[in-house]
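Asker: After the structure tokens below, expect a handful of questions from me.
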Amino acid sequence: MRVHRSGTTLAGAALAALALLVPLAASAGAAQAPGAGQTPPRGSASMGMGVLEHDGRGTAPGGASAQAVQTEGVDVSSHQGNVAWSTLWNSGVKWAYVKATEGTYYKNTYFNQQYTGSYNVGMIRGTYHFATPDTTTGAAQADYFVNNGGGWSKDGKTLPGVLDIEWNPYGATCYGKTQAGMVAWIRDFVNRYKVRTGRDAVIYTATSWWTQCTGNSSAFATTNPLWIARYASTVGELPAGWQYYTMWQYTSSGPTVGDHNHFNGDLSRVQALANG
């Protein structure tokens with residue numbers, strides 16, 4: 001009887017200890033990923049992360065000039081990890097953009113697999129920089145981008161770099177800048193990028209953010225190709241000055257990789273952009 005009571009006591013103690021561990025494990029898991037309304041960690045931003053929250057999903061009024069043929073592409077960041085490039089290629093994806101940098105403090109930890117992997121299956125690929133205008137100057141971020149994967153070479157397989165300028169996931173929507181101040185920051189970035197690479201950077205944005213934070217500036221429409229974000233059946237209204245888009249991020253829930261895009265033209269137009 002004494003042995004039986006001892007076994008029962010030990011079993012009860014073990015169950016009690018386990019009961020204490022369960023909530024601790026749950027708490028540890030919760031700490032790994034920010035919940036709704038929490039600020040994400042610096043470096044975790046990715047192209048289009050604010051589109052659904054601010055613009056939603058649906059059919060937009062109006063439209064914009066588009067070619068009859070659209071060429072499928074994807075954009076990726078560290079969130080996608082090691083990407084199944086062969087699967088994407090076989091599904092018809094022919095071009096890709098890979099996040100290289102953010103601010104002057106972050107480099108994509110999966111950059112080599114994503115950038116080299118897309119090239120190895122035959123894709124025309126390029127890189128993008130997630131802008132944080134509240135941390136350093138546009139020129140400083142352009143330099144950081146070029147120095148860490150954002151360069152360009154005329155090899156027929158490398159697209160010009162992209163300035164991803166959109167909602168601030170870490171604070172104030174317009175990064176604490178006036179509309180004139182934002183335009184000046186963007187100009188600082190694209191001017192420095194062109195000095196370093198000889199190419200005009202592509203500007204990725206959403207019309208609603210651009211209108212709010214730049215005053216719907218038309219200052220870059222004649223020089224910088226537009227990559228527009230709109231998760232709908234039509235691209236909708238474009239920012240001022242641009243008569244057509246070059247690329248359109250139309251969904252964040254596509255096959256294999258969530259972010260899928262149309263290039264406004266056939267594969268020869270993608271190649272033309274790569275060749276400058």
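Letters A, B, ... mark the chains of the structure tokens in the order given; residue numbers begin at 1 per chain; ligand numbers begin at 1, in order shown.
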If you run DSSP on the backbone here, which positions in region 87-127 of chain A get strand (DSSP E or B)? Please write them as a PyMOL selection string.
Answerer: chain A and resi 95-102+106-107+124-127
Asker: Could the residues in this selection be written to a file with C-alpha atoms, as an mmCIF file, in the first residue's frame?
Answerer:
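Result file follows (again-v9.cif):
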data_model
loop_
_atom_site.group_PDB
_atom_site.id
_atom_site.type_symbol
_atom_site.label_atom_id
_atom_site.label_comp_id
_atom_site.auth_asym_id
_atom_site.auth_seq_id
_atom_site.Cartn_x
_atom_site.Cartn_y
_atom_site.Cartn_z
ATOM 1 C CA TRP A 95 10.676 36.526 -63.773
ATOM 2 C CA ALA A 96 11.265 37.218 -60.101
ATOM 3 C CA TYR A 97 12.294 39.901 -57.645
ATOM 4 C CA VAL A 98 14.077 39.062 -54.401
ATOM 5 C CA LYS A 99 14.254 41.288 -51.338
ATOM 6 C CA ALA A 100 17.893 42.223 -50.808
ATOM 7 C CA THR A 101 17.858 44.864 -48.088
ATOM 8 C CA GLU A 102 15.865 47.077 -45.745
ATOM 9 C CA TYR A 106 19.018 44.331 -42.763
ATOM 10 C CA LYS A 107 20.040 41.843 -45.471
ATOM 11 C CA ILE A 124 15.099 36.921 -65.384
ATOM 12 C CA ARG A 125 15.461 38.279 -61.869
ATOM 13 C CA GLY A 126 16.220 41.392 -59.883
ATOM 14 C CA THR A 127 16.256 42.669 -56.327
#
Asker: List as a CSV table (one decimal) with C-alpha atoms, in the first residue's frame the protein and nucleic acid residues near Ala201 (chain A), meaning an atom at most 6 Å away when only C-alpha atoms are counted, but skip any in the same chain fewer than 6 places from it.
Answerer:
chain,number,residue,atom,x,y,z
A,160,PRO,CA,17.0,47.0,-62.5
A,161,GLY,CA,16.6,47.4,-58.7
A,162,VAL,CA,13.3,48.3,-57.1
A,190,VAL,CA,16.7,57.1,-57.2
A,224,ASN,CA,11.2,55.5,-63.3
Asker: Could you give me, as JSON lines, every region 163-242 of chain A residue with an atom at most 12 Å from region 137-150 of chain A, plus its closest atom pair and distance in Å to one decimal, counting only C-alpha atoms, rows ordered by chain then number?
Answerer:
{"residue": "A:Leu163", "atom": "CA", "partner": "A:Ala142", "partner_atom": "CA", "distance": 8.7}
{"residue": "A:Asp164", "atom": "CA", "partner": "A:Phe145", "partner_atom": "CA", "distance": 11.6}
{"residue": "A:Ile165", "atom": "CA", "partner": "A:Gly138", "partner_atom": "CA", "distance": 11.2}
{"residue": "A:Gly181", "atom": "CA", "partner": "A:Thr137", "partner_atom": "CA", "distance": 11.1}
{"residue": "A:Met182", "atom": "CA", "partner": "A:Gly138", "partner_atom": "CA", "distance": 9.8}
{"residue": "A:Val183", "atom": "CA", "partner": "A:Gly138", "partner_atom": "CA", "distance": 10.4}
{"residue": "A:Ala184", "atom": "CA", "partner": "A:Gly138", "partner_atom": "CA", "distance": 8.6}
{"residue": "A:Trp185", "atom": "CA", "partner": "A:Gly138", "partner_atom": "CA", "distance": 5.3}
{"residue": "A:Ile186", "atom": "CA", "partner": "A:Gly138", "partner_atom": "CA", "distance": 6.3}
{"residue": "A:Arg187", "atom": "CA", "partner": "A:Gly138", "partner_atom": "CA", "distance": 7.6}
{"residue": "A:Asp188", "atom": "CA", "partner": "A:Gly138", "partner_atom": "CA", "distance": 4.9}
{"residue": "A:Phe189", "atom": "CA", "partner": "A:Gly138", "partner_atom": "CA", "distance": 4.0}
{"residue": "A:Val190", "atom": "CA", "partner": "A:Ala142", "partner_atom": "CA", "distance": 7.4}
{"residue": "A:Asn191", "atom": "CA", "partner": "A:Ala139", "partner_atom": "CA", "distance": 7.8}
{"residue": "A:Arg192", "atom": "CA", "partner": "A:Ala139", "partner_atom": "CA", "distance": 5.4}
{"residue": "A:Tyr193", "atom": "CA", "partner": "A:Ala142", "partner_atom": "CA", "distance": 5.5}
{"residue": "A:Lys194", "atom": "CA", "partner": "A:Ala142", "partner_atom": "CA", "distance": 9.3}
{"residue": "A:Val195", "atom": "CA", "partner": "A:Ala142", "partner_atom": "CA", "distance": 9.9}
{"residue": "A:Arg196", "atom": "CA", "partner": "A:Val146", "partner_atom": "CA", "distance": 7.4}
{"residue": "A:Thr197", "atom": "CA", "partner": "A:Val146", "partner_atom": "CA", "distance": 8.0}
{"residue": "A:Gly198", "atom": "CA", "partner": "A:Val146", "partner_atom": "CA", "distance": 11.6}
{"residue": "A:Arg199", "atom": "CA", "partner": "A:Gly150", "partner_atom": "CA", "distance": 11.3}
{"residue": "A:Asp200", "atom": "CA", "partner": "A:Ala142", "partner_atom": "CA", "distance": 11.8}
{"residue": "A:Ala201", "atom": "CA", "partner": "A:Ala142", "partner_atom": "CA", "distance": 9.9}
{"residue": "A:Val202", "atom": "CA", "partner": "A:Gly150", "partner_atom": "CA", "distance": 11.8}
Asker: Give the answer as one residue: which of A:Gln67, A:Asn261, A:Cys174, A:Gln243 has the shortest atom-to-atom distance to Tyr231 (chain A), using only C-alpha atoms?
Answerer: A:Asn261
Asker: Identify, on the basis of only C-alpha atoms, every residue whose closest approach to Ser44 (chain A) does not exceed 9 Å; exclude the query and any residue fewer than 2 positions from it along the same chain; express the result as a PyMOL selection string.
Answerer: chain A and resi 40-42+46+77-79+102+106
Asker: Could you write out the selected residues, including all heavy atoms, as a compact mmCIF listing (two decimals), in the first residue's frame?
Answerer:
# COMPACT_ATOMS: atom_id res chain seq x y z
N PRO A 40 5.85 44.66 -35.92
CA PRO A 40 6.77 43.58 -36.28
C PRO A 40 8.21 43.99 -36.05
O PRO A 40 8.52 45.18 -35.96
CB PRO A 40 6.47 43.37 -37.77
CG PRO A 40 5.98 44.69 -38.25
CD PRO A 40 5.21 45.27 -37.09
N PRO A 41 9.12 43.04 -35.96
CA PRO A 41 10.54 43.38 -35.77
C PRO A 41 11.13 44.01 -37.01
O PRO A 41 10.74 43.68 -38.14
CB PRO A 41 11.18 42.03 -35.47
CG PRO A 41 10.28 41.02 -36.08
CD PRO A 41 8.90 41.59 -35.96
N ARG A 42 12.07 44.93 -36.83
CA ARG A 42 12.77 45.55 -37.94
C ARG A 42 13.42 44.47 -38.81
O ARG A 42 13.99 43.51 -38.31
CB ARG A 42 13.84 46.51 -37.44
CG ARG A 42 13.29 47.80 -36.87
CD ARG A 42 13.06 48.84 -37.94
NE ARG A 42 12.51 50.08 -37.41
CZ ARG A 42 12.21 51.13 -38.17
NH1 ARG A 42 12.43 51.11 -39.46
NH2 ARG A 42 11.71 52.22 -37.62
N SER A 46 8.06 43.18 -46.01
CA SER A 46 8.15 42.61 -47.35
C SER A 46 7.21 43.37 -48.29
O SER A 46 6.29 44.05 -47.85
CB SER A 46 7.79 41.12 -47.34
OG SER A 46 6.47 40.93 -46.84
N SER A 77 10.81 37.17 -50.24
CA SER A 77 11.66 37.69 -49.18
C SER A 77 12.03 36.54 -48.27
O SER A 77 11.75 35.37 -48.58
CB SER A 77 10.93 38.79 -48.40
OG SER A 77 9.84 38.23 -47.67
N SER A 78 12.61 36.82 -47.13
CA SER A 78 12.99 35.75 -46.21
C SER A 78 11.78 34.98 -45.69
O SER A 78 11.92 33.85 -45.22
CB SER A 78 13.78 36.32 -45.02
OG SER A 78 13.00 37.24 -44.29
N HIS A 79 10.59 35.56 -45.79
CA HIS A 79 9.38 34.87 -45.34
C HIS A 79 9.14 33.58 -46.12
O HIS A 79 8.55 32.63 -45.60
CB HIS A 79 8.15 35.78 -45.47
CG HIS A 79 8.16 36.94 -44.54
ND1 HIS A 79 7.94 36.82 -43.19
CD2 HIS A 79 8.39 38.27 -44.76
CE1 HIS A 79 8.01 38.02 -42.61
NE2 HIS A 79 8.29 38.90 -43.55
N GLU A 102 16.84 46.16 -46.36
CA GLU A 102 15.87 47.08 -45.75
C GLU A 102 16.66 48.11 -44.95
O GLU A 102 17.59 47.75 -44.22
CB GLU A 102 14.92 46.31 -44.82
CG GLU A 102 13.93 47.19 -44.08
CD GLU A 102 13.00 46.37 -43.18
OE1 GLU A 102 12.53 45.30 -43.64
OE2 GLU A 102 12.77 46.78 -42.04
N TYR A 106 19.50 45.70 -42.57
CA TYR A 106 19.02 44.33 -42.76
C TYR A 106 19.35 43.83 -44.17
O TYR A 106 19.16 44.53 -45.16
CB TYR A 106 17.50 44.25 -42.55
CG TYR A 106 16.94 42.89 -42.90
CD1 TYR A 106 17.00 41.82 -42.00
CD2 TYR A 106 16.39 42.65 -44.16
CE1 TYR A 106 16.51 40.56 -42.34
CE2 TYR A 106 15.89 41.40 -44.51
CZ TYR A 106 15.96 40.36 -43.59
OH TYR A 106 15.48 39.12 -43.93
Asker: To one decimal place, how far is CA of Asn90 (chain A) from CA of Met247 (chain A) in Å?
Answerer: 20.8 Å
Asker: May I ask which of the residues A:Glu237, A:Ala229, A:Val270, A:Trp242 is the closest one to Arg57 (chain A), counting only C-alpha atoms?
Answerer: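 For Arg57 (chain A), the nearest of the given residues is A:Ala229.
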Asker: Go through A:Asn108, A:Asn168, A:Ser252, A:Ser217 and flag the residue nearest Ala232 (chain A), using only C-alpha atoms for the distances.
Answerer: A:Ser252
Asker: Could you please write out, as an MDAnalysis selection string, every residue of region 76-269 of chain A that DSSP assigns to alpha helix (DSSP H)?
Answerer: chainID A and resid 85:90 111:120 138:145 179:197 207:214 267:269
Asker: I want to know what sits within 8 Å of Ala66 (chain A), based on only C-alpha atoms, with residues of the same chain fewer than 4 positions away left out; could you give that as a list in words?
Answerer: Tyr244, Tyr245, Asn264 and Gly265 of chain A
Asker: With only C-alpha atoms as the basis for distance, which of A:Trp89, A:Phe220, A:Trp209, A:Trp227 is at the shortest distance from Asp55 (chain A)?
Answerer: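 Nearest to Asp55 (chain A): A:Trp209.
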